[in-house]
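Trainee: Below is the file protein32.cif, which contains mmCIF, C-alpha atoms and all ligand atoms.
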```cif
data_protein
#
loop_
_atom_site.group_PDB
_atom_site.id
_atom_site.type_symbol
_atom_site.label_atom_id
_atom_site.label_comp_id
_atom_site.auth_asym_id
_atom_site.auth_seq_id
_atom_site.Cartn_x
_atom_site.Cartn_y
_atom_site.Cartn_z
ATOM 1 C CA MET A 1 31.418 -24.845 60.942
ATOM 2 C CA ALA A 2 32.736 -26.811 57.967
ATOM 3 C CA GLU A 3 36.419 -26.706 57.093
ATOM 4 C CA ILE A 4 37.788 -27.338 53.608
ATOM 5 C CA LEU A 5 41.251 -28.902 53.540
ATOM 6 C CA ARG A 6 42.916 -28.867 50.112
ATOM 7 C CA THR A 7 45.773 -31.300 49.725
ATOM 8 C CA GLN A 8 48.219 -32.514 47.105
ATOM 9 C CA SER A 9 48.717 -35.638 49.223
ATOM 10 C CA PHE A 10 45.099 -36.745 49.318
ATOM 11 C CA VAL A 11 45.601 -40.451 50.010
ATOM 12 C CA SER A 12 48.207 -40.111 52.758
ATOM 13 C CA ASP A 13 46.440 -37.148 54.373
ATOM 14 C CA ALA A 14 43.112 -38.980 54.358
ATOM 15 C CA ALA A 15 44.630 -42.131 55.856
ATOM 16 C CA ARG A 16 46.412 -40.089 58.504
ATOM 17 C CA LEU A 17 43.236 -38.177 59.380
ATOM 18 C CA ILE A 18 41.364 -41.446 59.900
ATOM 19 C CA ALA A 19 44.222 -42.976 61.907
ATOM 20 C CA ASP A 20 44.509 -39.917 64.158
ATOM 21 C CA CYS A 21 40.770 -39.996 64.806
ATOM 22 C CA ALA A 22 40.973 -43.703 65.572
ATOM 23 C CA ARG A 23 43.782 -43.272 68.109
ATOM 24 C CA GLU A 24 41.926 -40.413 69.828
ATOM 25 C CA SER A 25 38.610 -42.295 69.958
ATOM 26 C CA ILE A 26 40.221 -45.468 71.279
ATOM 27 C CA ALA A 27 42.162 -43.506 73.900
ATOM 28 C CA GLN A 28 38.997 -41.710 75.039
ATOM 29 C CA ARG A 29 36.331 -44.400 74.654
ATOM 30 C CA GLY A 30 38.096 -47.683 74.052
ATOM 31 C CA GLN A 31 36.513 -48.077 70.607
ATOM 32 C CA PHE A 32 36.494 -46.461 67.150
ATOM 33 C CA ARG A 33 33.170 -46.500 65.330
ATOM 34 C CA LEU A 34 33.999 -45.805 61.716
ATOM 35 C CA GLY A 35 31.417 -45.426 58.949
ATOM 36 C CA LEU A 36 32.839 -46.304 55.526
ATOM 37 C CA CYS A 37 31.736 -44.722 52.273
ATOM 38 C CA GLY A 38 31.542 -46.518 48.971
ATOM 39 C CA GLY A 39 32.380 -45.553 45.414
ATOM 40 C CA ASN A 40 35.882 -45.332 43.982
ATOM 41 C CA THR A 41 37.465 -42.405 45.822
ATOM 42 C CA PRO A 42 38.176 -44.220 49.089
ATOM 43 C CA ARG A 43 39.868 -47.303 47.556
ATOM 44 C CA PRO A 44 43.482 -46.060 47.805
ATOM 45 C CA VAL A 45 42.765 -44.436 51.161
ATOM 46 C CA TYR A 46 41.488 -47.717 52.612
ATOM 47 C CA PHE A 47 44.483 -49.574 51.221
ATOM 48 C CA ALA A 48 46.912 -47.050 52.777
ATOM 49 C CA LEU A 49 45.026 -47.215 56.076
ATOM 50 C CA ALA A 50 45.235 -51.027 56.133
ATOM 51 C CA GLY A 51 49.033 -50.769 56.210
ATOM 52 C CA MET A 52 49.056 -48.624 59.356
ATOM 53 C CA ASP A 53 49.770 -49.846 62.895
ATOM 54 C CA LEU A 54 46.399 -49.416 64.619
ATOM 55 C CA ALA A 55 44.409 -51.188 67.344
ATOM 56 C CA TRP A 56 42.195 -52.869 64.764
ATOM 57 C CA ASP A 57 40.387 -55.007 67.328
ATOM 58 C CA LYS A 58 38.928 -51.764 68.743
ATOM 59 C CA PHE A 59 37.372 -50.776 65.399
ATOM 60 C CA LEU A 60 33.703 -51.218 64.576
ATOM 61 C CA PHE A 61 32.979 -50.711 60.875
ATOM 62 C CA THR A 62 29.631 -49.630 59.462
ATOM 63 C CA PHE A 63 28.643 -48.739 55.893
ATOM 64 C CA GLY A 64 27.002 -45.427 54.965
ATOM 65 C CA ASP A 65 25.161 -47.129 52.157
ATOM 66 C CA GLU A 66 25.057 -50.310 50.139
ATOM 67 C CA ARG A 67 23.854 -51.376 46.777
ATOM 68 C CA CYS A 68 21.147 -54.075 46.750
ATOM 69 C CA VAL A 69 23.514 -56.808 45.680
ATOM 70 C CA GLY A 70 25.317 -59.645 47.415
ATOM 71 C CA PRO A 71 28.735 -59.311 49.087
ATOM 72 C CA GLU A 72 30.492 -60.978 46.159
ATOM 73 C CA ASP A 73 29.056 -58.577 43.572
ATOM 74 C CA ASP A 74 31.511 -56.062 42.089
ATOM 75 C CA GLN A 75 28.933 -53.345 42.792
ATOM 76 C CA SER A 76 29.052 -54.089 46.521
ATOM 77 C CA ASN A 77 30.562 -51.404 48.764
ATOM 78 C CA PHE A 78 31.290 -54.150 51.260
ATOM 79 C CA LYS A 79 33.285 -56.077 48.635
ATOM 80 C CA MET A 80 35.298 -52.949 47.834
ATOM 81 C CA ALA A 81 36.086 -52.366 51.510
ATOM 82 C CA GLN A 82 36.786 -56.073 52.060
ATOM 83 C CA GLY A 83 39.426 -56.092 49.341
ATOM 84 C CA THR A 84 41.124 -52.776 50.163
ATOM 85 C CA LEU A 85 40.876 -52.591 53.960
ATOM 86 C CA LEU A 86 39.086 -55.307 55.918
ATOM 87 C CA ARG A 87 40.971 -58.323 54.582
ATOM 88 C CA PRO A 88 44.428 -56.646 54.328
ATOM 89 C CA ALA A 89 44.085 -55.353 57.917
ATOM 90 C CA GLY A 90 42.859 -58.747 59.159
ATOM 91 C CA ILE A 91 39.581 -57.362 60.509
ATOM 92 C CA LYS A 92 37.426 -59.957 62.237
ATOM 93 C CA GLU A 93 33.854 -60.459 60.981
ATOM 94 C CA ALA A 94 32.517 -59.486 64.432
ATOM 95 C CA ASN A 95 33.976 -55.983 63.949
ATOM 96 C CA VAL A 96 32.041 -55.356 60.746
ATOM 97 C CA LEU A 97 28.358 -54.483 60.484
ATOM 98 C CA ARG A 98 27.584 -55.439 56.884
ATOM 99 C CA MET A 99 24.423 -54.214 55.208
ATOM 100 C CA ARG A 100 22.954 -57.377 53.694
ATOM 101 C CA GLY A 101 22.283 -56.091 50.197
ATOM 102 C CA GLU A 102 21.256 -59.566 49.122
ATOM 103 C CA LEU A 103 18.034 -59.290 51.153
ATOM 104 C CA ASP A 104 14.846 -57.447 50.270
ATOM 105 C CA PRO A 105 15.858 -53.758 50.660
ATOM 106 C CA HIS A 106 13.307 -52.986 53.361
ATOM 107 C CA THR A 107 14.226 -56.119 55.290
ATOM 108 C CA ALA A 108 17.926 -55.272 55.055
ATOM 109 C CA ALA A 109 17.280 -51.691 56.209
ATOM 110 C CA ASP A 110 15.163 -52.876 59.146
ATOM 111 C CA GLU A 111 17.843 -55.399 60.122
ATOM 112 C CA TYR A 112 20.546 -52.720 60.089
ATOM 113 C CA GLU A 113 18.318 -50.306 61.996
ATOM 114 C CA GLY A 114 18.038 -52.965 64.694
ATOM 115 C CA LYS A 115 21.795 -53.588 64.790
ATOM 116 C CA LEU A 116 22.518 -49.883 65.295
ATOM 117 C CA ALA A 117 19.749 -49.520 67.900
ATOM 118 C CA ALA A 118 21.227 -52.419 69.873
ATOM 119 C CA LEU A 119 24.593 -50.621 69.940
ATOM 120 C CA ALA A 120 23.305 -47.119 70.722
ATOM 121 C CA GLY A 121 23.686 -47.661 74.490
ATOM 122 C CA SER A 122 22.678 -44.554 76.448
ATOM 123 C CA ASP A 123 22.673 -42.398 73.303
ATOM 124 C CA SER A 124 19.347 -41.668 71.613
ATOM 125 C CA ARG A 125 20.854 -43.114 68.453
ATOM 126 C CA PHE A 126 24.102 -44.784 67.365
ATOM 127 C CA VAL A 127 26.980 -42.276 67.344
ATOM 128 C CA HIS A 128 29.840 -42.692 64.888
ATOM 129 C CA ASP A 129 33.252 -41.438 65.947
ATOM 130 C CA LEU A 130 34.006 -40.779 62.292
ATOM 131 C CA LEU A 131 31.727 -41.053 59.284
ATOM 132 C CA LEU A 132 33.280 -40.942 55.824
ATOM 133 C CA LEU A 133 31.185 -39.676 52.927
ATOM 134 C CA GLY A 134 31.653 -39.254 49.198
ATOM 135 C CA LEU A 135 30.046 -36.703 46.909
ATOM 136 C CA GLY A 136 28.402 -37.415 43.602
ATOM 137 C CA ASP A 137 28.336 -35.005 40.641
ATOM 138 C CA ASP A 138 24.652 -34.435 41.424
ATOM 139 C CA GLY A 139 25.442 -33.521 45.016
ATOM 140 C CA HIS A 140 24.300 -36.852 46.469
ATOM 141 C CA THR A 141 26.047 -38.439 49.400
ATOM 142 C CA ALA A 142 25.700 -41.980 50.714
ATOM 143 C CA SER A 143 22.616 -42.978 48.735
ATOM 144 C CA LEU A 144 20.761 -39.754 49.491
ATOM 145 C CA PHE A 145 20.071 -38.772 45.900
ATOM 146 C CA PRO A 146 18.242 -35.612 44.776
ATOM 147 C CA GLY A 147 14.458 -35.970 44.778
ATOM 148 C CA THR A 148 14.397 -39.277 46.673
ATOM 149 C CA GLU A 149 12.213 -40.171 49.644
ATOM 150 C CA ALA A 150 15.079 -40.788 52.073
ATOM 151 C CA LEU A 151 15.909 -37.067 52.081
ATOM 152 C CA ALA A 152 12.796 -36.473 54.213
ATOM 153 C CA GLU A 153 13.471 -39.252 56.771
ATOM 154 C CA ALA A 154 13.584 -37.576 60.187
ATOM 155 C CA ASP A 155 13.485 -40.535 62.579
ATOM 156 C CA ARG A 156 15.072 -43.722 61.270
ATOM 157 C CA ASN A 157 18.812 -44.253 60.969
ATOM 158 C CA VAL A 158 18.708 -46.482 57.919
ATOM 159 C CA VAL A 159 16.176 -46.795 55.102
ATOM 160 C CA ALA A 160 15.671 -48.469 51.758
ATOM 161 C CA ASN A 161 15.653 -45.685 49.198
ATOM 162 C CA PHE A 162 14.375 -46.062 45.623
ATOM 163 C CA VAL A 163 16.668 -44.164 43.234
ATOM 164 C CA PRO A 164 14.803 -43.456 39.954
ATOM 165 C CA LYS A 165 18.074 -42.356 38.326
ATOM 166 C CA PHE A 166 19.227 -45.982 38.379
ATOM 167 C CA SER A 167 15.794 -47.638 38.833
ATOM 168 C CA VAL A 168 17.154 -49.473 41.859
ATOM 169 C CA TYR A 169 16.818 -49.501 45.602
ATOM 170 C CA ARG A 170 19.794 -48.623 47.764
ATOM 171 C CA ILE A 171 20.153 -49.008 51.523
ATOM 172 C CA THR A 172 21.330 -45.751 53.059
ATOM 173 C CA PHE A 173 22.066 -43.888 56.254
ATOM 174 C CA THR A 174 19.722 -40.966 56.874
ATOM 175 C CA TYR A 175 20.508 -37.405 57.904
ATOM 176 C CA PRO A 176 19.591 -38.023 61.573
ATOM 177 C CA LEU A 177 22.221 -40.756 61.819
ATOM 178 C CA ILE A 178 24.831 -38.927 59.753
ATOM 179 C CA ASN A 179 24.381 -35.705 61.711
ATOM 180 C CA ALA A 180 24.716 -37.526 65.046
ATOM 181 C CA ALA A 181 28.363 -38.364 64.262
ATOM 182 C CA ARG A 182 31.206 -36.840 66.273
ATOM 183 C CA LYS A 183 33.038 -36.131 63.045
ATOM 184 C CA VAL A 184 32.040 -36.282 59.384
ATOM 185 C CA VAL A 185 34.643 -36.150 56.621
ATOM 186 C CA PHE A 186 33.845 -35.882 52.926
ATOM 187 C CA LEU A 187 36.575 -37.453 50.797
ATOM 188 C CA LEU A 188 37.001 -35.942 47.343
ATOM 189 C CA ASP A 189 39.977 -36.685 45.113
ATOM 190 C CA LYS A 190 38.667 -34.718 42.120
ATOM 191 C CA PRO A 191 39.186 -30.916 42.174
ATOM 192 C CA GLN A 192 36.403 -30.612 39.584
ATOM 193 C CA LYS A 193 33.933 -31.241 42.395
ATOM 194 C CA LEU A 194 35.223 -28.158 44.258
ATOM 195 C CA PRO A 195 32.515 -25.858 42.802
ATOM 196 C CA ILE A 196 29.876 -28.127 44.372
ATOM 197 C CA VAL A 197 31.757 -28.004 47.682
ATOM 198 C CA GLU A 198 32.007 -24.233 47.542
ATOM 199 C CA GLU A 199 28.294 -23.904 46.737
ATOM 200 C CA ILE A 200 27.439 -26.185 49.659
ATOM 201 C CA THR A 201 29.770 -24.533 52.170
ATOM 202 C CA GLY A 202 28.653 -21.098 50.954
ATOM 203 C CA GLY A 203 25.166 -21.878 52.287
ATOM 204 C CA GLY A 204 21.780 -21.974 50.599
ATOM 205 C CA SER A 205 22.500 -25.038 48.472
ATOM 206 C CA ASP A 206 19.785 -27.651 47.953
ATOM 207 C CA TYR A 207 22.216 -30.433 47.089
ATOM 208 C CA PRO A 208 21.557 -33.463 49.326
ATOM 209 C CA ALA A 209 25.109 -33.227 50.706
ATOM 210 C CA ALA A 210 24.293 -29.715 51.952
ATOM 211 C CA LYS A 211 22.036 -31.199 54.633
ATOM 212 C CA VAL A 212 24.990 -32.968 56.232
ATOM 213 C CA GLN A 213 25.253 -30.640 59.216
ATOM 214 C CA PRO A 214 26.494 -32.514 62.291
ATOM 215 C CA VAL A 215 24.433 -31.499 65.339
ATOM 216 C CA SER A 216 27.463 -31.207 67.593
ATOM 217 C CA GLY A 217 30.201 -32.869 65.556
ATOM 218 C CA ASP A 218 32.852 -31.539 63.208
ATOM 219 C CA LEU A 219 32.503 -31.403 59.414
ATOM 220 C CA THR A 220 35.557 -31.523 57.164
ATOM 221 C CA TRP A 221 35.899 -31.567 53.381
ATOM 222 C CA LEU A 222 39.199 -33.149 52.377
ATOM 223 C CA VAL A 223 39.782 -32.310 48.716
ATOM 224 C CA GLY A 224 42.624 -33.543 46.552
ATOM 225 C CA ILE A 225 43.957 -30.790 44.262
HETATM 226 C C1 LIG B 1 28.214 -45.187 46.578
HETATM 227 C C2 LIG B 1 28.667 -44.095 47.502
HETATM 228 C C3 LIG B 1 28.398 -42.780 46.843
HETATM 229 C C4 LIG B 1 29.771 -42.280 46.430
HETATM 230 C C5 LIG B 1 29.667 -41.098 45.506
HETATM 231 C C6 LIG B 1 31.068 -40.705 44.989
HETATM 232 O O1 LIG B 1 27.657 -46.190 47.059
HETATM 233 O O2 LIG B 1 28.500 -45.036 45.377
HETATM 234 O O3 LIG B 1 28.236 -44.183 48.738
HETATM 235 O O4 LIG B 1 27.759 -41.831 47.663
HETATM 236 O O5 LIG B 1 30.485 -41.916 47.618
HETATM 237 O O6 LIG B 1 28.851 -41.476 44.415
HETATM 238 O O7 LIG B 1 31.570 -41.815 44.276
HETATM 239 P P1 LIG B 1 33.080 -41.798 43.716
HETATM 240 O O8 LIG B 1 33.981 -41.862 44.913
HETATM 241 O O9 LIG B 1 33.177 -43.045 42.882
HETATM 242 O O10 LIG B 1 33.247 -40.517 42.935
#
```
So, in terms of structure tokens, how does the structure I just supplied come out?
Mentor:
Amino acid sequence: MAEILRTQSFVSDAARLIADCARESIAQRGQFRLGLCGGNTPRPVYFALAGMDLAWDKFLFTFGDERCVGPEDDQSNFKMAQGTLLRPAGIKEANVLRMRGELDPHTAADEYEGKLAALAGSDSRFVHDLLLLGLGDDGHTASLFPGTEALAEADRNVVANFVPKFSVYRITFTYPLINAARKVVFLLDKPQKLPIVEEITGGGSDYPAAKVQPVSGDLTWLVGI
């Protein structure tokens, strides 16, 4: 069942939610597998998180999606996370699984698929402890945009997805990987997106984000008001 948490302290509540999940995961499993989302919303959250006292060497960072650009490009989700979280928190390169947007999209997706498969262990697929997601005005999440092929992917964890809206490829997590997470949290700092959230949580929505339904994990919408 999804819960909607409305907050007037979005940044601090989001950072605290992530930190609490990290401490619990590390205490239980000795590691915290955190999937980062891109876009603008998470920037201040990542920066606040970087200032917290956490067992950073136990973190493993993945990216829910990436633009098909290099790591130095301003469009890169990796670059955004590098500047707001990874560098300020002193995260080692070995703790970060970067999607290589500079490669051919299908090659980059295949490479990332292999990285996650190698880390799945006894699970049928890689399990995130916490996966952060954003929500677009068109109801997309990660780079699962309306009407795109990746919405139908039922086996792979990561695919290259052509997005006609921007006439570009993106590399994105798929629903099977997203829904395997122990906890999924949507981060929204704009109350104007609440109607989309309410349509999705009310059931029957065909927005891409509506198909984020963790198989056995928790789903939370954290909305700044
Ligand atoms: C991306 C994100 C995308 C983002 C939403 C919301 O690569 O852009 O993964 O899914 O989370 O578009 O973006 P904002 O946070 O900028 O509103």
Trainee: Pull out every residue that the PyMOL selection byres (((not hetatm)) within 8 of (chain B and resi 1)) matches in the shown coordinates and put them as a list in words.
Mentor: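 So the PyMOL selection byres (((not hetatm)) within 8 of (chain B and resi 1)), applied here, picks out Cys37, Gly38, Gly39, Asn40, Thr41, Pro42, Gly64, Asp65, Glu66, Arg67, Asn77, Leu133, Gly134, Leu135, Gly136, Asp137, His140, Thr141, Ala142, Ser143, Leu144, Leu187, Leu188, Asp189 and Lys190 of chain A.
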Trainee: What's the separation between CA of Glu149 (chain A) and CA of Gln75 (chain A), in Å to one decimal place?
Mentor: 22.4 Å
Trainee: Tell me, as a ChimeraX atom specification, which residues lie within 10 Å of Ser76 (chain A), counting all atoms listed in the file; anything in the same chain fewer than 2 positions away does not count.
Mentor: /A:38-39,65-74,78-82,99-102
Trainee: Take the PyMOL selection byres (((chain A and resi 202-212) around 12) and not hetatm), run it mentally on this structure, and tell me the resulting residues as a VMD selection string.
Mentor: chain A and resid 1 to 4 131 to 154 173 to 181 183 to 186 194 to 201 213 to 221
Trainee: What is the CA of Ala48 (chain A)-CA of Ala19 (chain A) distance in Å, reported with one decimal?
Mentor: 10.4 Å
Trainee: Which residue is closest to Pro44 (chain A)? Choose from A:Ala27, A:Val11, A:Leu60, A:Ala108 and count only C-alpha atoms.
Mentor: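 Among the listed residues, the smallest separation from Pro44 (chain A) belongs to A:Val11.
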Trainee: Given the choices A:Arg6, A:Arg182, A:Lys193, A:Arg43, which gets closest to Val127 (chain A) if the distance is worked out from only C-alpha atoms?
Mentor: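 Comparing A:Arg6, A:Arg182, A:Lys193, A:Arg43 against Val127 (chain A), the winner is A:Arg182.
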Trainee: Restricting the calculation to all atoms listed in the file, which member of A:Asp129, A:Glu93, A:Asp104, A:Glu24 is positioned closest to Asp57 (chain A)?
Mentor: A:Glu93
Trainee: Counting all atoms listed in the file, figure out which residue out of A:Val45, A:Leu36, A:Ala15, A:Ile171 gets nearest to Val96 (chain A).
Mentor: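 For Val96 (chain A), the nearest of the given residues is A:Leu36.
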Trainee: Quick one: everything within 6 Å of region 50-52 of chain A, counting all atoms listed in the file, minus sequence neighbours fewer than 3 positions away in the same chain. Send it as a ChimeraX atom specification.
Mentor: /A:47,85,88-89
Trainee: What is the distance, in Å and to one decimal place, between CA of Arg170 (chain A) and CA of Asp123 (chain A)?
Mentor: 26.4 Å
Trainee: Contacts of Thr7 (chain A) at 7 Å or less, counting all atoms listed in the file, minus same-chain residues fewer than 6 places along, as a list in words?
Mentor: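 Result of the neighbour search: Val223, Gly224 and Ile225 of chain A.
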Trainee: Kindly indicate which residue among A:Glu111, A:Leu130, A:Asp155, A:Ala55 lies nearest to Leu17 (chain A), using all atoms listed in the file for the distances.
Mentor: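 Closest residue, counting all atoms listed in the file: A:Leu130.
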Trainee: Which residue, A:Asp110, A:Phe162, A:Leu54, A:Leu5, has the smallest gap to Cys21 (chain A) when you use all atoms listed in the file?
Mentor: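 Nearest candidate to Cys21 (chain A) out of A:Asp110, A:Phe162, A:Leu54, A:Leu5: A:Leu54.
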Trainee: Can you pull out the residues contacting Asn95 (chain A)? Cut-off 9 Å, using all atoms listed in the file, and skip same-chain residues under 3 positions away; I want them as a list in words.
Mentor: Trp56, Asp57, Lys58, Phe59, Leu60, Phe61, Thr62, Ile91 and Lys92 of chain A
Trainee: Report as JSON the centre and the edge lengths, in Å to one decimal, of the axis-aligned box holding every listed atom of region 114-126 of chain A, padded by 5 Å on each side.
Mentor:
```
{"center_x": 21.3, "center_y": -47.6, "center_z": 70.6, "size_x": 16.6, "size_y": 21.9, "size_z": 21.8}
```
Trainee: Would you mind writing region 167-177 of chain A with all heavy atoms, as a CSV table (one decimal), keeping the file's coordinate frame?
Mentor:
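File out_1.csv, as written:
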```csv
chain,number,residue,atom,x,y,z
A,167,SER,N,16.9,-46.7,38.7
A,167,SER,CA,15.8,-47.6,38.8
A,167,SER,C,16.2,-48.8,39.8
A,167,SER,O,15.9,-50.0,39.4
A,167,SER,CB,15.4,-48.2,37.4
A,167,SER,OG,14.9,-47.1,36.6
A,168,VAL,N,16.8,-48.5,40.9
A,168,VAL,CA,17.2,-49.5,41.9
A,168,VAL,C,16.9,-48.9,43.3
A,168,VAL,O,16.8,-47.7,43.5
A,168,VAL,CB,18.7,-49.9,41.8
A,168,VAL,CG1,19.0,-50.5,40.5
A,168,VAL,CG2,19.6,-48.7,42.1
A,169,TYR,N,16.8,-49.9,44.2
A,169,TYR,CA,16.8,-49.5,45.6
A,169,TYR,C,18.3,-49.5,46.1
A,169,TYR,O,19.1,-50.2,45.5
A,169,TYR,CB,16.0,-50.5,46.4
A,169,TYR,CG,14.6,-50.2,46.6
A,169,TYR,CD1,13.6,-50.7,45.7
A,169,TYR,CD2,14.1,-49.3,47.6
A,169,TYR,CE1,12.3,-50.4,45.8
A,169,TYR,CE2,12.8,-49.0,47.7
A,169,TYR,CZ,11.9,-49.6,46.8
A,169,TYR,OH,10.5,-49.2,46.9
A,170,ARG,N,18.5,-48.6,47.0
A,170,ARG,CA,19.8,-48.6,47.8
A,170,ARG,C,19.4,-48.6,49.2
A,170,ARG,O,18.3,-48.2,49.6
A,170,ARG,CB,20.6,-47.3,47.5
A,170,ARG,CG,21.1,-47.2,46.1
A,170,ARG,CD,22.5,-47.9,45.9
A,170,ARG,NE,23.2,-47.6,44.7
A,170,ARG,CZ,24.1,-46.7,44.5
A,170,ARG,NH1,24.3,-45.9,45.5
A,170,ARG,NH2,24.6,-46.5,43.3
A,171,ILE,N,20.3,-49.1,50.1
A,171,ILE,CA,20.2,-49.0,51.5
A,171,ILE,C,21.1,-47.9,52.0
A,171,ILE,O,22.2,-47.8,51.5
A,171,ILE,CB,20.6,-50.3,52.2
A,171,ILE,CG1,19.8,-51.5,51.6
A,171,ILE,CG2,20.3,-50.2,53.7
A,171,ILE,CD1,20.5,-52.8,51.8
A,172,THR,N,20.5,-46.9,52.7
A,172,THR,CA,21.3,-45.8,53.1
A,172,THR,C,21.1,-45.3,54.5
A,172,THR,O,20.0,-45.4,55.1
A,172,THR,CB,21.0,-44.6,52.1
A,172,THR,OG1,21.9,-43.5,52.3
A,172,THR,CG2,19.6,-44.1,52.2
A,173,PHE,N,22.2,-44.7,55.0
A,173,PHE,CA,22.1,-43.9,56.3
A,173,PHE,C,21.2,-42.7,55.9
A,173,PHE,O,21.1,-42.2,54.8
A,173,PHE,CB,23.4,-43.4,56.7
A,173,PHE,CG,24.3,-44.4,57.4
A,173,PHE,CD1,23.8,-45.7,57.6
A,173,PHE,CD2,25.5,-44.1,57.9
A,173,PHE,CE1,24.6,-46.6,58.3
A,173,PHE,CE2,26.3,-45.0,58.6
A,173,PHE,CZ,25.9,-46.3,58.8
A,174,THR,N,20.6,-42.2,57.0
A,174,THR,CA,19.7,-41.0,56.9
A,174,THR,C,20.4,-39.8,57.5
A,174,THR,O,21.4,-39.9,58.2
A,174,THR,CB,18.4,-41.2,57.6
A,174,THR,OG1,18.7,-41.4,59.0
A,174,THR,CG2,17.7,-42.4,57.1
A,175,TYR,N,19.9,-38.6,57.3
A,175,TYR,CA,20.5,-37.4,57.9
A,175,TYR,C,20.6,-37.5,59.4
A,175,TYR,O,21.6,-37.1,60.1
A,175,TYR,CB,19.7,-36.1,57.5
A,175,TYR,CG,19.9,-35.8,56.0
A,175,TYR,CD1,18.8,-35.7,55.2
A,175,TYR,CD2,21.1,-35.5,55.5
A,175,TYR,CE1,18.9,-35.3,53.9
A,175,TYR,CE2,21.3,-35.2,54.1
A,175,TYR,CZ,20.1,-35.1,53.3
A,175,TYR,OH,20.3,-34.8,52.0
A,176,PRO,N,19.5,-38.0,60.1
A,176,PRO,CA,19.6,-38.0,61.6
A,176,PRO,C,20.8,-38.8,62.0
A,176,PRO,O,21.5,-38.4,63.0
A,176,PRO,CB,18.3,-38.7,62.0
A,176,PRO,CG,17.3,-38.3,60.9
A,176,PRO,CD,18.1,-38.3,59.7
A,177,LEU,N,21.1,-39.9,61.4
A,177,LEU,CA,22.2,-40.8,61.8
A,177,LEU,C,23.5,-40.1,61.4
A,177,LEU,O,24.5,-40.0,62.2
A,177,LEU,CB,22.2,-42.2,61.2
A,177,LEU,CG,23.3,-43.1,61.6
A,177,LEU,CD1,23.4,-43.4,63.1
A,177,LEU,CD2,23.2,-44.4,60.8
```
